[in-house]
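Raw contents of my_file19.txt, compact mmCIF, C-alpha atoms:
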```
# COMPACT_ATOMS: atom_id res chain seq x y z
CA MET Z 1 -10.90 -7.87 -29.41
CA SER Z 2 -8.67 -4.80 -29.01
CA THR Z 3 -7.66 -3.60 -25.56
CA ARG Z 4 -9.83 -0.51 -25.96
CA ARG Z 5 -12.88 -2.52 -26.97
CA GLN Z 6 -12.26 -4.94 -24.08
CA ALA Z 7 -12.06 -2.07 -21.60
CA PHE Z 8 -15.31 -0.50 -22.68
CA ALA Z 9 -17.06 -3.84 -22.93
CA LEU Z 10 -16.24 -4.32 -19.25
CA VAL Z 11 -17.33 -0.79 -18.43
CA ALA Z 12 -20.64 -1.50 -20.15
CA THR Z 13 -21.46 -4.15 -17.56
CA ALA Z 14 -22.11 -1.32 -15.13
CA ALA Z 15 -25.08 -0.23 -17.21
CA ALA Z 16 -27.06 -2.95 -15.48
CA TRP Z 17 -26.54 -1.23 -12.13
CA PRO Z 18 -29.97 -0.11 -10.85
CA GLY Z 19 -30.49 3.62 -11.25
CA ALA Z 20 -26.95 4.43 -12.34
CA TRP Z 21 -28.00 6.16 -15.55
CA ALA Z 22 -31.45 7.47 -14.65
CA GLN Z 23 -32.83 10.49 -16.50
CA GLN Z 24 -31.18 13.65 -15.22
CA PRO Z 25 -33.49 16.51 -14.26
CA ALA Z 26 -32.77 20.19 -14.81
CA GLY Z 27 -30.47 21.88 -12.29
CA LYS Z 28 -27.23 20.78 -10.66
CA VAL Z 29 -26.66 17.04 -10.97
CA TRP Z 30 -23.64 15.80 -9.01
CA ARG Z 31 -21.61 13.06 -10.62
CA ILE Z 32 -19.60 10.51 -8.64
CA GLY Z 33 -17.22 8.28 -10.58
CA ILE Z 34 -16.44 4.91 -9.01
CA LEU Z 35 -13.37 3.00 -10.16
CA THR Z 36 -12.56 -0.57 -9.11
CA THR Z 37 -11.05 -3.78 -10.40
CA ASN Z 38 -13.69 -5.85 -8.60
CA SER Z 39 -16.86 -7.25 -10.14
CA VAL Z 40 -20.28 -5.63 -9.94
CA ALA Z 41 -21.48 -8.48 -7.70
CA PHE Z 42 -18.53 -8.15 -5.32
CA MET Z 43 -19.00 -4.39 -5.01
CA ALA Z 44 -22.81 -4.40 -4.75
CA ASP Z 45 -23.11 -4.00 -0.97
CA ARG Z 46 -20.38 -1.36 -0.85
CA VAL Z 47 -21.84 0.81 -3.59
CA GLU Z 48 -25.31 0.39 -2.11
CA ALA Z 49 -23.96 1.62 1.24
CA LEU Z 50 -22.56 4.71 -0.51
CA ARG Z 51 -25.84 5.23 -2.37
CA VAL Z 52 -27.90 5.05 0.84
CA ALA Z 53 -25.54 7.37 2.73
CA MET Z 54 -25.67 9.92 -0.10
CA ARG Z 55 -29.47 9.74 -0.14
CA GLU Z 56 -29.51 10.47 3.59
CA ARG Z 57 -27.64 13.68 2.77
CA GLY Z 58 -30.09 14.74 0.08
CA TYR Z 59 -28.39 13.35 -3.04
CA VAL Z 60 -30.78 11.09 -4.91
CA GLU Z 61 -30.14 9.25 -8.16
CA GLY Z 62 -32.51 10.36 -10.89
CA ARG Z 63 -32.85 13.77 -9.29
CA ASN Z 64 -29.50 15.31 -8.44
CA LEU Z 65 -26.99 12.47 -8.44
CA VAL Z 66 -25.36 10.08 -10.92
CA LEU Z 67 -23.16 7.16 -9.87
CA ASP Z 68 -20.84 6.29 -12.77
CA PHE Z 69 -19.53 2.82 -11.90
CA ARG Z 70 -16.50 1.46 -13.78
CA THR Z 71 -14.81 -1.91 -13.32
CA THR Z 72 -12.07 -3.76 -15.14
CA ASP Z 73 -13.45 -7.04 -13.71
CA GLY Z 74 -10.10 -8.16 -12.37
CA ARG Z 75 -7.99 -6.86 -15.27
CA ASP Z 76 -5.32 -4.68 -13.69
CA ASP Z 77 -3.83 -4.08 -17.12
CA LEU Z 78 -6.98 -2.17 -18.15
CA LEU Z 79 -7.02 0.18 -15.15
CA ALA Z 80 -5.12 3.02 -16.81
CA GLU Z 81 -7.42 3.07 -19.83
CA VAL Z 82 -10.68 2.76 -17.90
CA GLY Z 83 -9.40 5.31 -15.37
CA ALA Z 84 -8.53 7.74 -18.16
CA ASP Z 85 -12.04 7.46 -19.54
CA ILE Z 86 -13.67 8.18 -16.20
CA VAL Z 87 -11.38 11.22 -15.80
CA ARG Z 88 -12.48 12.45 -19.23
CA GLN Z 89 -16.08 12.47 -17.97
CA ASN Z 90 -14.92 15.06 -15.39
CA PRO Z 91 -16.99 13.84 -12.41
CA ASP Z 92 -17.29 16.05 -9.35
CA VAL Z 93 -15.62 13.34 -7.23
CA ILE Z 94 -14.10 9.93 -7.86
CA VAL Z 95 -14.48 7.27 -5.15
CA SER Z 96 -11.96 4.42 -5.22
CA HIS Z 97 -10.16 1.95 -2.99
CA GLY Z 98 -7.31 -0.48 -2.54
CA LEU Z 99 -4.40 0.09 -4.92
CA VAL Z 100 -6.54 1.70 -7.64
CA PRO Z 101 -5.91 5.29 -6.44
CA ARG Z 102 -2.26 4.96 -7.52
CA ILE Z 103 -3.51 4.90 -11.10
CA LEU Z 104 -5.74 7.92 -10.52
CA LYS Z 105 -2.80 9.87 -9.13
CA LYS Z 106 -1.16 9.59 -12.54
CA LEU Z 107 -4.34 10.62 -14.35
CA THR Z 108 -5.58 13.70 -12.49
CA THR Z 109 -4.38 16.32 -10.03
CA THR Z 110 -7.61 18.33 -10.09
CA ILE Z 111 -10.57 15.97 -9.66
CA PRO Z 112 -11.14 15.22 -5.94
CA VAL Z 113 -10.61 11.55 -5.09
CA VAL Z 114 -12.11 9.97 -1.97
CA ILE Z 115 -10.43 6.72 -0.94
CA THR Z 116 -12.49 4.25 1.08
CA ASP Z 117 -9.94 1.66 2.20
CA THR Z 118 -6.41 2.29 0.97
CA VAL Z 119 -3.24 1.13 2.69
CA ASP Z 120 -0.57 3.75 3.47
CA PRO Z 121 -1.75 6.71 1.33
CA VAL Z 122 1.27 8.74 2.45
CA GLY Z 123 3.72 6.01 1.46
CA GLN Z 124 1.97 5.67 -1.89
CA GLY Z 125 2.40 9.38 -2.53
CA LEU Z 126 -1.33 10.14 -2.44
CA ALA Z 127 -1.00 12.55 0.48
CA VAL Z 128 1.66 14.62 2.22
CA SER Z 129 0.30 13.55 5.60
CA LEU Z 130 -2.86 12.02 7.04
CA ALA Z 131 -3.68 15.20 8.96
CA ARG Z 132 -3.33 17.44 5.92
CA PRO Z 133 -3.23 15.49 2.63
CA GLY Z 134 -2.43 18.61 0.60
CA GLY Z 135 -3.51 17.37 -2.83
CA ASN Z 136 -6.69 16.06 -4.44
CA PHE Z 137 -6.93 12.88 -2.29
CA THR Z 138 -8.72 12.40 1.03
CA GLY Z 139 -10.81 9.69 2.69
CA GLN Z 140 -9.92 6.71 4.83
CA VAL Z 141 -6.71 4.80 5.44
CA PHE Z 142 -6.94 1.03 5.86
CA PHE Z 143 -4.63 -0.66 8.36
CA GLY Z 144 -4.63 -4.00 6.58
CA GLU Z 145 -1.39 -5.41 7.99
CA GLN Z 146 -2.23 -4.42 11.55
CA ILE Z 147 -5.68 -6.02 11.24
CA ALA Z 148 -4.12 -9.22 9.88
CA ALA Z 149 -1.61 -9.27 12.76
CA LYS Z 150 -4.49 -8.90 15.21
CA ARG Z 151 -6.10 -12.00 13.69
CA VAL Z 152 -2.97 -13.96 14.56
CA GLU Z 153 -3.21 -12.69 18.13
CA LEU Z 154 -6.90 -13.60 18.37
CA LEU Z 155 -6.25 -17.11 17.08
CA LYS Z 156 -3.68 -17.58 19.84
CA GLN Z 157 -6.19 -16.37 22.42
CA ALA Z 158 -8.94 -18.62 21.08
CA LEU Z 159 -6.58 -21.60 20.71
CA PRO Z 160 -4.05 -21.30 23.55
CA ARG Z 161 -2.30 -24.57 22.58
CA LEU Z 162 -2.03 -23.65 18.90
CA PRO Z 163 0.91 -25.76 17.58
CA HIS Z 164 1.26 -24.70 13.94
CA LEU Z 165 -0.11 -21.60 12.23
CA GLY Z 166 -0.47 -21.09 8.49
CA LEU Z 167 -0.22 -17.61 7.01
CA LEU Z 168 -1.97 -17.29 3.65
CA HIS Z 169 -0.77 -14.58 1.27
CA VAL Z 170 -1.50 -13.48 -2.26
CA SER Z 171 1.83 -13.69 -4.09
CA THR Z 172 1.78 -9.98 -4.95
CA TYR Z 173 0.97 -8.85 -1.39
CA ARG Z 174 2.73 -10.36 1.59
CA ALA Z 175 1.46 -9.09 4.94
CA GLU Z 176 4.70 -9.24 6.89
CA LEU Z 177 3.22 -8.15 10.23
CA MET Z 178 1.41 -11.49 10.57
CA ALA Z 179 4.75 -13.31 10.74
CA VAL Z 180 6.15 -10.67 13.11
CA ARG Z 181 3.22 -11.12 15.49
CA ALA Z 182 3.43 -14.91 15.28
CA ASN Z 183 7.11 -14.71 16.22
CA GLU Z 184 6.33 -12.43 19.16
CA LEU Z 185 3.78 -14.98 20.36
CA GLN Z 186 6.34 -17.79 19.88
CA LEU Z 187 4.15 -19.53 17.33
CA LYS Z 188 5.46 -21.85 14.66
CA ALA Z 189 4.24 -20.22 11.43
CA THR Z 190 4.51 -21.25 7.79
CA ALA Z 191 3.69 -19.04 4.80
CA PHE Z 192 1.51 -20.27 1.93
CA PHE Z 193 0.69 -18.43 -1.30
CA VAL Z 194 -2.00 -18.19 -3.93
CA GLU Z 195 -1.95 -16.16 -7.13
CA PRO Z 196 -4.09 -13.03 -7.70
CA GLY Z 197 -7.58 -14.00 -8.80
CA GLU Z 198 -7.25 -17.55 -7.42
CA VAL Z 199 -10.56 -19.46 -7.16
CA GLN Z 200 -9.34 -23.00 -6.43
CA TYR Z 201 -8.29 -23.34 -2.77
CA ALA Z 202 -8.16 -27.12 -2.44
CA PRO Z 203 -4.41 -27.36 -3.33
CA VAL Z 204 -3.20 -24.77 -0.82
CA PHE Z 205 -5.32 -26.24 1.99
CA ALA Z 206 -4.10 -29.73 1.12
CA ALA Z 207 -0.56 -28.39 1.47
CA MET Z 208 -1.41 -26.93 4.87
CA ALA Z 209 -2.93 -30.20 6.04
CA LYS Z 210 0.16 -32.10 4.84
CA GLN Z 211 2.28 -29.85 7.08
CA GLN Z 212 -0.16 -30.35 9.97
CA VAL Z 213 -1.30 -26.74 10.11
CA THR Z 214 -4.13 -26.44 12.63
CA ALA Z 215 -5.05 -22.77 12.21
CA MET Z 216 -4.59 -20.15 9.50
CA ALA Z 217 -4.86 -16.37 9.16
CA TYR Z 218 -4.83 -14.10 6.15
CA ALA Z 219 -4.87 -10.39 5.34
CA ASP Z 220 -7.63 -8.58 3.47
CA HIS Z 221 -7.02 -8.72 -0.27
CA PRO Z 222 -9.71 -8.73 -2.99
CA THR Z 223 -8.65 -12.23 -4.08
CA LEU Z 224 -9.10 -13.66 -0.59
CA SER Z 225 -12.04 -11.52 0.51
CA SER Z 226 -14.07 -12.58 -2.53
CA ALA Z 227 -13.33 -16.25 -1.76
CA SER Z 228 -14.60 -16.27 1.83
CA ARG Z 229 -16.99 -19.17 1.28
CA ALA Z 230 -14.46 -21.30 -0.62
CA ILE Z 231 -11.83 -20.67 2.05
CA ALA Z 232 -14.28 -21.52 4.85
CA GLU Z 233 -15.31 -24.76 3.14
CA GLN Z 234 -11.75 -25.93 2.57
CA ALA Z 235 -10.70 -24.96 6.09
CA LEU Z 236 -13.52 -27.01 7.61
CA LYS Z 237 -12.80 -29.94 5.30
CA HIS Z 238 -9.18 -30.02 6.49
CA ARG Z 239 -10.10 -29.18 10.11
CA ILE Z 240 -8.23 -25.87 10.09
CA ALA Z 241 -9.44 -22.98 12.26
CA VAL Z 242 -9.25 -20.02 9.89
CA ALA Z 243 -9.29 -16.30 10.74
CA GLY Z 244 -10.20 -13.62 8.20
CA GLY Z 245 -12.62 -10.70 8.03
CA PRO Z 246 -16.09 -10.69 9.62
CA LEU Z 247 -17.52 -12.01 6.35
CA LEU Z 248 -15.33 -15.10 6.68
CA ALA Z 249 -16.98 -16.13 9.94
CA GLU Z 250 -20.40 -15.36 8.51
CA SER Z 251 -19.55 -17.58 5.51
CA GLY Z 252 -18.65 -20.60 7.64
CA GLY Z 253 -15.13 -19.81 8.84
CA PHE Z 254 -13.96 -20.08 12.45
CA LEU Z 255 -13.12 -16.47 13.32
CA GLY Z 256 -13.62 -13.05 11.80
CA TYR Z 257 -11.99 -9.78 12.80
CA GLY Z 258 -11.80 -6.43 11.08
CA VAL Z 259 -13.97 -3.80 9.47
CA ARG Z 260 -17.17 -4.17 7.51
CA PHE Z 261 -16.31 -2.66 4.15
CA PRO Z 262 -19.83 -1.36 3.40
CA ASP Z 263 -19.43 0.80 6.53
CA LEU Z 264 -16.30 2.37 5.03
CA TRP Z 265 -18.15 3.15 1.80
CA ALA Z 266 -21.00 4.70 3.76
CA SER Z 267 -18.46 6.86 5.60
CA ALA Z 268 -17.05 8.00 2.24
CA ALA Z 269 -20.29 9.92 1.76
CA LEU Z 270 -19.21 12.29 4.56
CA PHE Z 271 -16.15 13.30 2.55
CA VAL Z 272 -18.07 13.54 -0.72
CA ASP Z 273 -20.72 15.75 0.87
CA LYS Z 274 -18.08 18.11 2.29
CA ILE Z 275 -16.40 18.38 -1.11
CA PHE Z 276 -19.74 19.07 -2.81
CA LYS Z 277 -20.23 21.88 -0.29
CA GLY Z 278 -16.91 23.50 -1.16
CA ALA Z 279 -14.25 21.81 0.98
CA ARG Z 280 -10.89 21.12 -0.63
CA PRO Z 281 -9.85 17.48 -0.36
CA GLY Z 282 -6.33 18.47 0.61
CA ASP Z 283 -7.72 20.16 3.72
CA LEU Z 284 -9.77 17.14 4.87
CA PRO Z 285 -7.76 14.82 7.17
CA ILE Z 286 -7.54 11.20 6.10
CA GLU Z 287 -9.18 9.13 8.82
CA GLY Z 288 -8.84 5.55 10.00
CA PRO Z 289 -11.66 3.12 10.79
CA THR Z 290 -13.00 3.38 14.32
CA ARG Z 291 -15.16 0.26 14.53
CA PHE Z 292 -13.74 -3.24 14.43
CA HIS Z 293 -15.82 -6.41 14.71
CA THR Z 294 -14.88 -9.77 16.20
CA VAL Z 295 -17.14 -12.62 15.07
CA LEU Z 296 -16.85 -16.22 16.28
CA ASN Z 297 -18.62 -19.04 14.50
CA ALA Z 298 -19.45 -21.31 17.45
CA LYS Z 299 -21.01 -23.92 15.17
CA VAL Z 300 -17.71 -24.29 13.30
CA ALA Z 301 -15.81 -24.38 16.60
CA ARG Z 302 -17.89 -27.38 17.66
CA GLN Z 303 -17.34 -29.08 14.30
CA LEU Z 304 -13.59 -28.60 14.74
CA GLY Z 305 -13.77 -29.90 18.31
CA VAL Z 306 -12.49 -26.59 19.66
CA GLU Z 307 -13.44 -25.32 23.10
CA VAL Z 308 -12.94 -21.57 23.12
CA PRO Z 309 -11.97 -20.03 26.50
CA ARG Z 310 -14.71 -18.05 28.23
CA THR Z 311 -12.33 -15.11 28.62
CA PHE Z 312 -12.14 -14.94 24.82
CA LEU Z 313 -15.90 -15.22 24.35
CA ALA Z 314 -16.39 -12.26 26.70
CA ASN Z 315 -14.71 -9.96 24.15
CA VAL Z 316 -16.47 -11.23 21.02
CA ASP Z 317 -18.98 -8.89 19.38
CA GLN Z 318 -21.01 -11.62 17.69
CA VAL Z 319 -21.31 -15.38 18.17
CA ILE Z 320 -22.83 -17.39 15.34
CA GLU Z 321 -24.58 -20.51 16.65
```
Will you turn the file into structure tokens for me?
Amino acid sequence: MSTRRQAFALVATAAAWPGAWAQQPAGKVWRIGILTTNSVAFMADRVEALRVAMRERGYVEGRNLVLDFRTTDGRDDLLAEVGADIVRQNPDVIVSHGLVPRILKKLTTTIPVVITDTVDPVGQGLAVSLARPGGNFTGQVFFGEQIAAKRVELLKQALPRLPHLGLLHVSTYRAELMAVRANELQLKATAFFVEPGEVQYAPVFAAMAKQQVTAMAYADHPTLSSASRAIAEQALKHRIAVAGGPLLAESGGFLGYGVRFPDLWASAALFVDKIFKGARPGDLPIEGPTRFHTVLNAKVARQLGVEVPRTFLANVDQVIE
């Protein structure tokens, strides 16, 4: 199959999204393009959060709103082509996240783009500054490395005698601040890597166990975030206390810290609404997340034989029994 046919075959999977292509009534119908490399299933709660938040502001699919969802289903090499097609549709706004906006920057300077969770938009050239982006990008910055470093700190607090920490990275994205924080805390830390799109975690956890790693932290990356359950299962099997996002703890991991991504997508509706009402994206400051969640899975702690200090428990937002 040609690259073009592959791209549009993947785009066609979005047709199954409930309500995305409902009959458009007469009058102004706002169109939001959504571009991602993640699967429909992985993005379902995030897009639903956006849909609900837009409805709360009076934009309802089938009446005055269309959500045009496009995914390359993990194929980064198809992003430029699928992105070009969504730009040709000339939506009123494009909502995107992660590293995808870098592609959009090359494709349009006129269509407003709202980012939901993008690392360093200034460094990536998407904005002149966070306070005044100045171009066609606005939205929310994601402090992924700082969040990952905080997970290292929380593991040390929860496990004061932590002897050996593993730091799990995707080979294309190394979160250096985790190692910096581990060094500041005088922790022995060893880096481990998986490839983008990895689904088999038994080998890397076996390697950790061989090196007597007792706890592990990782940064938010689509490859790792989508494997929360697999990571939690392997960590428990090898008796490793793992720290990731809140979803990790809810999926059977030891500790979760960070943002809930559906909340970020719901917040994107604020920016979209302002743009629909005439605001220029370059005038809307790029904001950071304001709510962070700490989740401890007490059941897993007991299975690992870990007794978490009461001083740590006092600062946990949610304990899963």
### Z:Val272, Z:Leu165, Z:Val119, Z:Val141 ranked by distance to Z:Leu50, top pick (using all atoms listed in the file)
Z:Val272
Considering all atoms listed in the file, give me a table of residues in stretch 196-265 of chain Z that are at most 10 Å from stretch 67-80 of chain Z, with the closest atom pair and distance in Å for each, as a tab-separated table.
```
residue	atom	partner	partner_atom	distance
Z:Pro196	CA	Z:Gly74	CA	9.0
Z:Gly197	CA	Z:Gly74	CA	7.3
Z:Pro222	CA	Z:Gly74	CA	9.4
Z:Thr223	CA	Z:Gly74	CA	9.3
```
### Task
Considering only C-alpha atoms, return as a ChimeraX atom specification whatever protein or nucleic-acid residues lie within 12 Å of Z:Phe312, sequence-local ones (same chain, fewer than 4 positions apart) excluded.
/Z:153-160,255,294-296,307-308,316-319
Deliver the residues from the most recent selection as a file, using C-alpha atoms, as an mmCIF file, keeping the file's coordinate frame.
```cif
data_model
loop_
_atom_site.group_PDB
_atom_site.id
_atom_site.type_symbol
_atom_site.label_atom_id
_atom_site.label_comp_id
_atom_site.auth_asym_id
_atom_site.auth_seq_id
_atom_site.Cartn_x
_atom_site.Cartn_y
_atom_site.Cartn_z
ATOM 1 C CA GLU Z 153 -3.210 -12.690 18.130
ATOM 2 C CA LEU Z 154 -6.900 -13.600 18.370
ATOM 3 C CA LEU Z 155 -6.250 -17.110 17.080
ATOM 4 C CA LYS Z 156 -3.680 -17.580 19.840
ATOM 5 C CA GLN Z 157 -6.190 -16.370 22.420
ATOM 6 C CA ALA Z 158 -8.940 -18.620 21.080
ATOM 7 C CA LEU Z 159 -6.580 -21.600 20.710
ATOM 8 C CA PRO Z 160 -4.050 -21.300 23.550
ATOM 9 C CA LEU Z 255 -13.120 -16.470 13.320
ATOM 10 C CA THR Z 294 -14.880 -9.770 16.200
ATOM 11 C CA VAL Z 295 -17.140 -12.620 15.070
ATOM 12 C CA LEU Z 296 -16.850 -16.220 16.280
ATOM 13 C CA GLU Z 307 -13.440 -25.320 23.100
ATOM 14 C CA VAL Z 308 -12.940 -21.570 23.120
ATOM 15 C CA VAL Z 316 -16.470 -11.230 21.020
ATOM 16 C CA ASP Z 317 -18.980 -8.890 19.380
ATOM 17 C CA GLN Z 318 -21.010 -11.620 17.690
ATOM 18 C CA VAL Z 319 -21.310 -15.380 18.170
#
```
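Between atom CA of Z:Ser267 and atom CA of Z:Gln89 the interatomic distance comes to 24.3 Å.
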### Query
If we count all atoms listed in the file, what is near stretch 229-235 of chain Z at a cut-off of 9 Å, once residues fewer than 3 positions away on the same chain are taken out, given as a ChimeraX atom specification?
/Z:199-202,205-206,215-216,224,226,238-242,247-254
